[in-house]
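Please read the structure below before turning to the comments.
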Amino acid sequence: MASTALFRRVLALPPHLRRSVYSSTATHTGASQPDIYDVVCIGGGPVGLSFVSALRSHPSTSALRVALIDSQDLSTARTTKDTETYSNRCSSITPASLRFLKQIGAWEHAKRGRTQPYHAMDVWDGVSGSKIHFDSVDQQQTGLLDAVAEMIPGSRFQASRRKYQVEDVGVATMCENANTTSALLQRLHDLDEERLNERRVFDMLEKTRVESIDLGPESKDEKSLDLSQWPIVTTSHGKIAARLLVGADGANSPVRQFADIPSPGWDYNQHGVVATLHVDRHHTVQDLRTAYQRFLPTGPVALLPLPGNKASLVWSTTPQHAAKLKTLSPPDFTAAVNAAFRLMPVDISYMLSPTSTTTPTDELAWRETATPAASTGLPRNFPRIASVQEGSIASFPLRMRHADTYTGHRIALIGDAAHTIHPLAGQGLNLGLADAESLAKRIAYGVDHGMDVGSCWTLDGYNSDRWAKNNAVIGVVDKLSKVYGVGSGPVVWGRSAGVEVLERLGTLKGWMMGAAAGVK
Amino acid sequence: MDIRTQMSQHTFRRLLALPQPLRLRTFSILNRPPPNYPGHVPLTLVERGALALGSAFGSLRNPHRHDLIAALGEATAKPYFIARLRAAMLANPTGRRILRDKPRITSQTMSLEKLRQLPENTVGRAYAAWLDREGVTPDTRDQVRYIDDPEEAYVMQRYRETHDFTHAITGLPVIIEGELAVKAFEFANTLLPMTALSLVAVVRLKAVERKRFFETYLPWAVGNGLKAEEVINVYWEEELETDVEVLRARLGIEIPPDLRETRKLLRDKNKAERAARDAKDRLGAGMGL
C-alpha cells in the first residue's frame, strides 16, 4: 500500500519535519524569521559594554538573552604594552562611576598601573587670574579634630574620628578609554566562561554593521508571532528582533533616529585638541597629583595627570587655532601649550594667528620674562611641559545636544546617543556610565516584578531618574563655558569676585565637589 | 607614607598657613615692596588717589606743569587703561617689535642735525621743524615712576615720548589750544584717562578760542582719533624718512587747519580793525565831532 508506506515514512521523519506535514503553524520559515533577543545593545563603547556587563552580572538579569552589536573589531581594543606611550583618548572617572565599575566587577581587570587618581584641582581665570583650589580634603570635611587625632596614632580618639571619614577616592581617576573598554571586555569574557555549561544567552556581534532598523512586519494571522511593534535590526549577518533596543551608539545614533526622538542643541564654535604630554618632573605612585584647568576667552585648557611624567591635554579653542596647533612642529606645540597656561590671552592668540611671523618657541621665551606668574594666577606647583608624544595630537568639534526623551516603546538611549556635553568638566563619560547603571537597575526591577522589559512600565523609571539630572549638569557646564567665554568687562569682574568668594567657603566647595563626583 | 597621613599633614599645613597676603592690591607704607625697575615708586591705593586729585587740580591751575600732567597720567592709567593699551600693542606685529626692542627717544638717540638734513615733507624733517618752531627738545619728557609693571611703564614712557610726533604730523602747536586738540585726538585713539581729564582745561581758554575748539578742533580730533590706526603702534624710528602725506594716509589722519596761521590772521585782522578805529577817532577829534 503506497499510502501506508508513505505514512510510515512520515512517522520516521524527525519531529520538526513530521509536524510540518500536518500543521502549518509549526512551519519553520527559515532565515526570514528574525532572531529574538530580550535586550539588544547597539554600540560597543565603554557605556554600551558597561551596560551589558551590568545586566550579565546581576542575578535577576543574567538569564536574559542579550546581544551587543558593534561595527568594529572589539578584540583589538587593548592598551599598548608600551608603558611609555599613552592614548590621547583618556577620561576622568568620578568616584560614583568607579563604584559602578567595581560593582559590576570590571575595574579589577583594568591595568591599574596605567590609571592615575588625582586628589586636587586648580582652576583659574585666564583674564583676571582669580583662582580656586579644590582638594579632596574639602570633600572629606576633615577639620582640626581630625588633624589632632592623627597626631595620636592608635588612640581611641583617632579610631572614633576614623569612623566618620569617607573612603578616600580623591577627586577622580584618569583612565584611558582603551583601558576601560578592555577591562569590560575581559569581564564579559569571564562571565561567559563561568556559564560555559549553561545555555548560551549572550552574543557579542562584533564586526557587524547595522544596515537598518525598522519595525517588524504585520503578522500574517492571529496565531503567528506579531513583531509589528518590535524593532528589527537588519545587520550584515541577519535580522535581530529586540524586546528592548538600547542605543549606545554615539552622537549620531541610528537608534535615536529610528525612534524619531529629536535632540536639540547647538555647536560650540570650538574644537577640542587632545594630546599626551611629558612634563618635567617624574611622579611616583604615592605622590598626590593635581589636575589643572585655565579658562581662556577662546576656551578652557586642561592638563590632567597620568602615571609617571605623563599628562593628558584637553584644549578647547577656536577652529582656526586648532588647525594651526596641528600644523606646529613638536617643540613649537610644546611652547604653545606652555604659553596657554602661562601667558596673557593676547599673546596666545597672536602666537596661534595665521599671520604671526615668529615661532611659538621664540615668542614664549620673550613673553615669559615679561609676564609675572602672580598676575596670571599660575599655581605655584604647575609643571613645565617638556615634550609631546609623537602622533598623539588630534582634535574634534565640540557641541551640545540633549535628546528630548531617553525612552520610547522598546527603545532606550544611553551615553552620547542621549546627550553630548562640553568637555570642560570631564562629565561626558560619567553621565553615560550613570545612565547605564540606572537602566540596568530598572531592567532588573522589571524582571523581578514580571514586567516586559521593553514596555513603559520599566523604562519610564529610567527616564525620570536620569533626564533631569543630566539636563542640570549639561546646563551648568554650558553656562560656565559661556560665562568664561567673555574676554573683558563686567562679566569678568563678576565671575572673578564669585570665584574669590567661593575659594574661601570650604563647605560650599566640598558640596560642589560632591555634586560633580556624582555622590548620591 | 600613605595617602591618609599625607592628607592630614596637608590639612595641618593649611591651618597653620598665614592668610593670603593682600600685597596684590595694597601694602603697608611702613613696608613698601622693592622697586620693579630703576626709578619705580610703588604706591598704595590711597596714595595713588591723592596723587591723581592733587595733580589734576595743580595742572589745571598751571598748565605749564608738565610733571603734574605726567603724574596724573600714571596715577589714572591703572588698572584697565594701560593694560588695554599694552594689549593693543601686543596684538599688532609692529607694536610687538617696539616692545621687544624698547627704543627710547632722547636727544642722543634722535640726532636733530641729521633730521634737519632730510628732504622736505619727510616725517623726520617735519618733526625737527616742529621742534624748532615751538622751541622744545626731546629731553623735556619725565620718567615714568608710578606704574608697577615694567612693561606697562615702558608703554607709558613710549606714549609720552611719541606725543611730539603726533604734534608734528598734525601740525598743531604747543599752545594750550593746540595741546587740547592733540589730547582729544589721543583720547579717541589710546583711551588713556589723563587725556580726557586734560580737556577740563577748556575753561582756561578765551571765548573765541573755546568757540574755535568746539566748532573745528574737537570734531576733527574725535573723528580722526576713532578712525585712525593706533598711533602707539607706529615705529617712528623707522618712519623718519617716510613722506608725511603717505604716513597720514596709511594711518587715516587728515590734517586740521593750521592753528598758528588762523590765530595770526585773526590777530592781524583785529589789529587792522583797531588801527582803523583809532584813526577814525583821531580824525573825529580833529574835526571836533
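Labels used: A, B, ... for chains in the order of the C-alpha cells, numbers from 1 for residues in each chain, and numbers from 1 for ligands as shown.
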For stretch 440-445 of chain A, please output as a ChimeraX atom specification all residues within 8 Å (counting only C-alpha atoms; exclusion window: fewer than 3 positions along the same chain).
/A:51,54-55,58,60-61,436-437,448-449,453,458-459,461-462
For chain B, the nearest of the candidates A:Thr369, A:Thr290, A:Thr208, A:Thr180, counting only C-alpha atoms
A:Thr369
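Going from atom CA of A:Thr405 over to atom CA of A:Ala418, you cover 8.1 Å.
Between atom CA of B:Ala128 and atom CA of B:Leu112 there is a distance of 6.2 Å.
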Give me, as JSON, numbers by chain, the residues of stretch 83-167 of chain B that a backbone DSSP run labels helix (DSSP H, G or I).
{"B": [83, 84, 85, 86, 87, 88, 89, 90, 91, 93, 94, 95, 96, 97, 98, 99, 100, 101, 112, 113, 114, 115, 116, 117, 123, 124, 125, 126, 127, 128, 129, 130, 131, 132, 133, 134, 138, 139, 140, 150, 151, 152, 153, 154, 155, 156, 157, 158, 159, 160, 161, 162, 163, 164, 165, 166, 167]}
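The shell of residues at most 8 Å from stretch 32-42 of chain A, with only C-alpha atoms counted and near chain neighbours (fewer than 5 positions) removed, consists of Gly48, Val52, Leu64, Arg65, Val66, Ala67, Leu68, Ile69, Asp70, Ile232, Gly238, Lys239, Ile240, Ala241, Ala242, Arg243, Leu244, Leu245, Val246, Gly247, Ala248, Asp249, Val255 and Val453 of chain A.
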Residues as selected, N, CA and C atoms, written as an mmCIF file, in the first residue's frame, can you do that?
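Result file out_19.cif:
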```
data_model
loop_
_atom_site.group_PDB
_atom_site.id
_atom_site.type_symbol
_atom_site.label_atom_id
_atom_site.label_comp_id
_atom_site.auth_asym_id
_atom_site.auth_seq_id
_atom_site.Cartn_x
_atom_site.Cartn_y
_atom_site.Cartn_z
ATOM 1 N N GLY A 48 28.139 51.232 26.409
ATOM 2 C CA GLY A 48 27.414 50.036 25.998
ATOM 3 C C GLY A 48 27.949 48.788 26.685
ATOM 4 N N VAL A 52 25.918 46.254 29.325
ATOM 5 C CA VAL A 52 25.763 44.820 29.119
ATOM 6 C C VAL A 52 26.411 44.048 30.272
ATOM 7 N N LEU A 64 18.689 36.840 30.893
ATOM 8 C CA LEU A 64 18.104 37.467 29.714
ATOM 9 C C LEU A 64 18.981 37.196 28.515
ATOM 10 N N ARG A 65 18.333 37.061 27.354
ATOM 11 C CA ARG A 65 19.091 36.858 26.133
ATOM 12 C C ARG A 65 19.534 38.229 25.619
ATOM 13 N N VAL A 66 20.852 38.464 25.593
ATOM 14 C CA VAL A 66 21.403 39.792 25.299
ATOM 15 C C VAL A 66 22.316 39.720 24.085
ATOM 16 N N ALA A 67 22.252 40.737 23.237
ATOM 17 C CA ALA A 67 23.184 40.843 22.110
ATOM 18 C C ALA A 67 23.835 42.213 22.134
ATOM 19 N N LEU A 68 25.105 42.248 21.828
ATOM 20 C CA LEU A 68 25.833 43.517 21.710
ATOM 21 C C LEU A 68 26.347 43.598 20.285
ATOM 22 N N ILE A 69 25.998 44.704 19.595
ATOM 23 C CA ILE A 69 26.398 44.844 18.195
ATOM 24 C C ILE A 69 27.376 46.000 18.076
ATOM 25 N N ASP A 70 28.496 45.750 17.427
ATOM 26 C CA ASP A 70 29.431 46.842 17.154
ATOM 27 C C ASP A 70 30.070 46.608 15.802
ATOM 28 N N ILE A 232 13.270 45.750 14.580
ATOM 29 C CA ILE A 232 14.038 44.670 13.954
ATOM 30 C C ILE A 232 15.291 45.304 13.399
ATOM 31 N N GLY A 238 22.319 39.189 9.325
ATOM 32 C CA GLY A 238 20.961 38.688 9.505
ATOM 33 C C GLY A 238 20.102 39.667 10.260
ATOM 34 N N LYS A 239 18.867 39.211 10.585
ATOM 35 C CA LYS A 239 17.934 40.113 11.271
ATOM 36 C C LYS A 239 17.833 39.737 12.727
ATOM 37 N N ILE A 240 17.685 40.776 13.564
ATOM 38 C CA ILE A 240 17.572 40.561 15.012
ATOM 39 C C ILE A 240 16.372 41.350 15.495
ATOM 40 N N ALA A 241 15.466 40.677 16.231
ATOM 41 C CA ALA A 241 14.324 41.369 16.840
ATOM 42 C C ALA A 241 14.666 41.617 18.295
ATOM 43 N N ALA A 242 14.337 42.811 18.790
ATOM 44 C CA ALA A 242 14.717 43.174 20.156
ATOM 45 C C ALA A 242 13.478 43.477 20.979
ATOM 46 N N ARG A 243 13.369 42.816 22.140
ATOM 47 C CA ARG A 243 12.313 43.182 23.073
ATOM 48 C C ARG A 243 12.585 44.604 23.569
ATOM 49 N N LEU A 244 13.872 44.879 23.815
ATOM 50 C CA LEU A 244 14.297 46.245 24.167
ATOM 51 C C LEU A 244 15.554 46.547 23.367
ATOM 52 N N LEU A 245 15.493 47.623 22.595
ATOM 53 C CA LEU A 245 16.654 48.035 21.816
ATOM 54 C C LEU A 245 17.304 49.219 22.522
ATOM 55 N N VAL A 246 18.555 49.045 22.912
ATOM 56 C CA VAL A 246 19.261 50.108 23.631
ATOM 57 C C VAL A 246 20.272 50.738 22.690
ATOM 58 N N GLY A 247 20.212 52.067 22.548
ATOM 59 C CA GLY A 247 21.153 52.774 21.693
ATOM 60 C C GLY A 247 22.290 53.340 22.518
ATOM 61 N N ALA A 248 23.478 52.763 22.356
ATOM 62 C CA ALA A 248 24.685 53.317 22.988
ATOM 63 C C ALA A 248 25.647 53.646 21.869
ATOM 64 N N ASP A 249 25.083 54.118 20.753
ATOM 65 C CA ASP A 249 25.838 54.194 19.506
ATOM 66 C C ASP A 249 26.330 55.589 19.154
ATOM 67 N N VAL A 255 19.782 54.561 16.373
ATOM 68 C CA VAL A 255 18.631 54.135 17.178
ATOM 69 C C VAL A 255 17.759 55.341 17.504
ATOM 70 N N VAL A 453 10.374 43.992 29.683
ATOM 71 C CA VAL A 453 11.454 44.968 29.863
ATOM 72 C C VAL A 453 11.428 46.075 28.830
#
```
If you count only C-alpha atoms, which residues fall within 12 Å of B:Pro193, apart from same-chain ones fewer than 3 positions away, as a tab-separated table (two decimals) with all heavy atoms, in the first residue's frame?
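And here is the file that came out, out.tsv:
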```tsv
chain	number	residue	atom	x	y	z
B	52	ALA	N	46.39	111.56	42.12
B	52	ALA	CA	45.52	111.87	40.97
B	52	ALA	C	44.81	113.22	41.21
B	52	ALA	O	44.80	114.11	40.35
B	52	ALA	CB	44.53	110.75	40.75
B	56	ALA	N	45.66	116.72	39.29
B	56	ALA	CA	44.59	117.22	38.42
B	56	ALA	C	44.36	118.71	38.68
B	56	ALA	O	44.36	119.52	37.74
B	56	ALA	CB	43.31	116.42	38.66
B	69	ILE	N	51.08	116.85	34.96
B	69	ILE	CA	50.28	116.15	33.94
B	69	ILE	C	50.78	114.72	33.79
B	69	ILE	O	49.99	113.77	33.68
B	69	ILE	CB	50.34	116.91	32.60
B	69	ILE	CG1	49.78	118.31	32.77
B	69	ILE	CG2	49.58	116.15	31.52
B	69	ILE	CD1	49.89	119.18	31.54
B	70	ALA	N	52.10	114.55	33.82
B	70	ALA	CA	52.66	113.21	33.72
B	70	ALA	C	52.22	112.35	34.90
B	70	ALA	O	51.81	111.19	34.73
B	70	ALA	CB	54.19	113.28	33.68
B	72	LEU	N	49.55	112.73	36.74
B	72	LEU	CA	48.12	112.43	36.58
B	72	LEU	C	47.93	111.25	35.64
B	72	LEU	O	47.12	110.34	35.89
B	72	LEU	CB	47.39	113.67	36.04
B	72	LEU	CG	45.90	113.50	35.76
B	72	LEU	CD1	45.15	113.25	37.05
B	72	LEU	CD2	45.35	114.74	35.06
B	73	GLY	N	48.68	111.26	34.55
B	73	GLY	CA	48.57	110.14	33.61
B	73	GLY	C	48.89	108.81	34.26
B	73	GLY	O	48.17	107.82	34.09
B	74	GLU	N	49.98	108.76	35.04
B	74	GLU	CA	50.38	107.49	35.65
B	74	GLU	C	49.41	107.06	36.74
B	74	GLU	O	49.15	105.88	36.92
B	74	GLU	CB	51.79	107.63	36.22
B	74	GLU	CG	52.84	107.75	35.15
B	74	GLU	CD	54.16	108.21	35.73
B	74	GLU	OE1	54.47	107.81	36.87
B	74	GLU	OE2	54.88	108.95	35.04
B	75	ALA	N	48.88	108.05	37.48
B	75	ALA	CA	48.00	107.66	38.59
B	75	ALA	C	46.67	107.14	38.11
B	75	ALA	O	46.02	106.35	38.80
B	75	ALA	CB	47.79	108.86	39.51
B	76	THR	N	46.21	107.58	36.93
B	76	THR	CA	44.88	107.17	36.46
B	76	THR	C	44.92	106.06	35.42
B	76	THR	O	43.89	105.60	34.98
B	76	THR	CB	44.13	108.37	35.86
B	76	THR	OG1	44.94	108.96	34.86
B	76	THR	CG2	43.79	109.39	36.94
B	77	ALA	N	46.11	105.61	35.03
B	77	ALA	CA	46.17	104.63	33.94
B	77	ALA	C	45.81	103.21	34.39
B	77	ALA	O	45.33	102.42	33.60
B	77	ALA	CB	47.56	104.63	33.33
B	78	LYS	N	46.07	102.89	35.65
B	78	LYS	CA	45.78	101.53	36.13
B	78	LYS	C	44.36	101.49	36.64
B	78	LYS	O	43.84	102.49	37.08
B	78	LYS	CB	46.74	101.18	37.25
B	78	LYS	CG	48.11	100.84	36.75
B	78	LYS	CD	49.07	100.67	37.91
B	78	LYS	CE	48.68	99.48	38.76
B	78	LYS	NZ	49.76	99.11	39.70
B	79	PRO	N	43.67	100.32	36.74
B	79	PRO	CA	44.17	99.02	36.32
B	79	PRO	C	43.88	98.68	34.88
B	79	PRO	O	44.55	97.86	34.29
B	79	PRO	CB	43.41	98.06	37.24
B	79	PRO	CG	42.13	98.76	37.54
B	79	PRO	CD	42.40	100.24	37.47
B	80	TYR	N	42.91	99.28	34.25
B	80	TYR	CA	42.44	98.77	32.96
B	80	TYR	C	43.11	99.44	31.76
B	80	TYR	O	43.51	98.77	30.81
B	80	TYR	CB	40.92	98.96	32.88
B	80	TYR	CG	40.37	98.77	31.49
B	80	TYR	CD1	40.33	97.51	30.91
B	80	TYR	CD2	39.91	99.85	30.75
B	80	TYR	CE1	39.84	97.34	29.63
B	80	TYR	CE2	39.42	99.66	29.47
B	80	TYR	CZ	39.38	98.42	28.92
B	80	TYR	OH	38.90	98.24	27.64
B	81	PHE	N	43.28	100.78	31.78
B	81	PHE	CA	43.59	101.50	30.54
B	81	PHE	C	44.98	101.23	30.01
B	81	PHE	O	45.16	101.06	28.81
B	81	PHE	CB	43.36	103.00	30.76
B	81	PHE	CG	41.94	103.31	31.12
B	81	PHE	CD1	41.56	103.51	32.44
B	81	PHE	CD2	40.97	103.35	30.14
B	81	PHE	CE1	40.25	103.76	32.77
B	81	PHE	CE2	39.65	103.61	30.46
B	81	PHE	CZ	39.29	103.81	31.78
B	82	ILE	N	45.96	101.20	30.88
B	82	ILE	CA	47.31	100.95	30.40
B	82	ILE	C	47.43	99.48	29.97
B	82	ILE	O	48.15	99.16	29.03
B	82	ILE	CB	48.37	101.34	31.46
B	82	ILE	CG1	49.76	101.37	30.84
B	82	ILE	CG2	48.34	100.45	32.65
B	82	ILE	CD1	50.04	102.54	29.99
B	84	ARG	N	45.02	97.80	28.59
B	84	ARG	CA	44.37	97.73	27.28
B	84	ARG	C	45.32	98.23	26.19
B	84	ARG	O	45.41	97.66	25.11
B	84	ARG	CB	43.08	98.57	27.31
B	84	ARG	CG	42.25	98.41	26.05
B	84	ARG	CD	41.57	99.71	25.71
B	84	ARG	NE	42.47	100.66	25.11
B	84	ARG	CZ	42.76	100.71	23.82
B	84	ARG	NH1	42.20	99.88	22.98
B	84	ARG	NH2	43.60	101.61	23.37
B	85	LEU	N	46.05	99.32	26.51
B	85	LEU	CA	46.98	99.87	25.53
B	85	LEU	C	48.11	98.89	25.23
B	85	LEU	O	48.52	98.69	24.08
B	85	LEU	CB	47.53	101.21	26.04
B	85	LEU	CG	48.25	102.08	25.02
B	85	LEU	CD1	47.32	102.46	23.91
B	85	LEU	CD2	48.78	103.32	25.70
B	183	LYS	N	45.32	116.30	22.72
B	183	LYS	CA	44.86	115.42	23.81
B	183	LYS	C	43.53	114.76	23.45
B	183	LYS	O	43.31	113.58	23.73
B	183	LYS	CB	44.72	116.21	25.11
B	183	LYS	CG	46.02	116.48	25.83
B	183	LYS	CD	46.51	115.24	26.54
B	183	LYS	CE	47.68	115.50	27.43
B	183	LYS	NZ	48.94	115.70	26.74
B	184	ALA	N	42.64	115.55	22.82
B	184	ALA	CA	41.35	114.97	22.43
B	184	ALA	C	41.57	113.86	21.41
B	184	ALA	O	40.94	112.78	21.49
B	184	ALA	CB	40.45	116.05	21.86
B	186	GLU	N	44.25	112.04	21.12
B	186	GLU	CA	44.87	110.90	21.80
B	186	GLU	C	43.86	110.13	22.64
B	186	GLU	O	43.96	108.91	22.77
B	186	GLU	CB	46.03	111.38	22.68
B	186	GLU	CG	47.26	111.67	21.87
B	186	GLU	CD	48.39	112.20	22.73
B	186	GLU	OE1	48.12	112.62	23.87
B	186	GLU	OE2	49.52	112.20	22.25
B	187	PHE	N	42.86	110.83	23.21
B	187	PHE	CA	41.88	110.09	23.99
B	187	PHE	C	41.09	109.15	23.09
B	187	PHE	O	40.88	107.98	23.42
B	187	PHE	CB	40.93	111.04	24.73
B	187	PHE	CG	39.89	110.30	25.51
B	187	PHE	CD1	40.25	109.44	26.54
B	187	PHE	CD2	38.55	110.43	25.21
B	187	PHE	CE1	39.30	108.73	27.25
B	187	PHE	CE2	37.60	109.74	25.93
B	187	PHE	CZ	37.97	108.89	26.95
B	188	ALA	N	40.68	109.69	21.91
B	188	ALA	CA	39.93	108.83	21.00
B	188	ALA	C	40.80	107.68	20.48
B	188	ALA	O	40.30	106.62	20.14
B	188	ALA	CB	39.39	109.66	19.83
B	189	ASN	N	42.10	107.87	20.47
B	189	ASN	CA	42.99	106.86	19.90
B	189	ASN	C	43.54	105.89	20.93
B	189	ASN	O	43.67	104.70	20.66
B	189	ASN	CB	44.15	107.58	19.20
B	189	ASN	CG	44.82	106.69	18.16
B	189	ASN	OD1	45.81	106.06	18.43
B	189	ASN	ND2	44.24	106.65	16.99
B	190	THR	N	43.89	106.36	22.15
B	190	THR	CA	44.53	105.48	23.14
B	190	THR	C	43.67	105.19	24.36
B	190	THR	O	43.98	104.27	25.11
B	190	THR	CB	45.84	106.08	23.67
B	190	THR	OG1	45.51	107.27	24.41
B	190	THR	CG2	46.80	106.42	22.58
B	196	ALA	N	41.60	112.55	28.59
B	196	ALA	CA	40.24	113.06	28.72
B	196	ALA	C	40.15	114.09	29.83
B	196	ALA	O	39.47	115.10	29.71
B	196	ALA	CB	39.28	111.91	28.98
B	197	LEU	N	40.86	113.82	30.94
B	197	LEU	CA	40.80	114.74	32.08
B	197	LEU	C	41.43	116.09	31.73
B	197	LEU	O	41.00	117.12	32.24
B	197	LEU	CB	41.52	114.14	33.29
B	197	LEU	CG	40.81	112.93	33.92
B	197	LEU	CD1	41.72	112.27	34.93
B	197	LEU	CD2	39.52	113.36	34.57
B	198	SER	N	42.44	116.09	30.85
B	198	SER	CA	43.08	117.37	30.48
B	198	SER	C	42.12	118.28	29.74
B	198	SER	O	42.33	119.48	29.71
B	198	SER	CB	44.29	117.16	29.59
B	198	SER	OG	44.88	115.94	29.83
B	199	LEU	N	41.08	117.69	29.12
B	199	LEU	CA	40.16	118.53	28.37
B	199	LEU	C	39.37	119.48	29.27
B	199	LEU	O	38.73	120.39	28.78
B	199	LEU	CB	39.19	117.66	27.55
B	199	LEU	CG	39.87	116.84	26.45
B	199	LEU	CD1	38.84	116.01	25.72
B	199	LEU	CD2	40.59	117.75	25.48
B	200	VAL	N	39.44	119.24	30.59
B	200	VAL	CA	38.81	120.17	31.53
B	200	VAL	C	39.43	121.55	31.41
B	200	VAL	O	38.81	122.58	31.72
B	200	VAL	CB	38.96	119.62	32.97
B	200	VAL	CG1	38.46	120.60	34.00
B	200	VAL	CG2	38.21	118.31	33.10
```
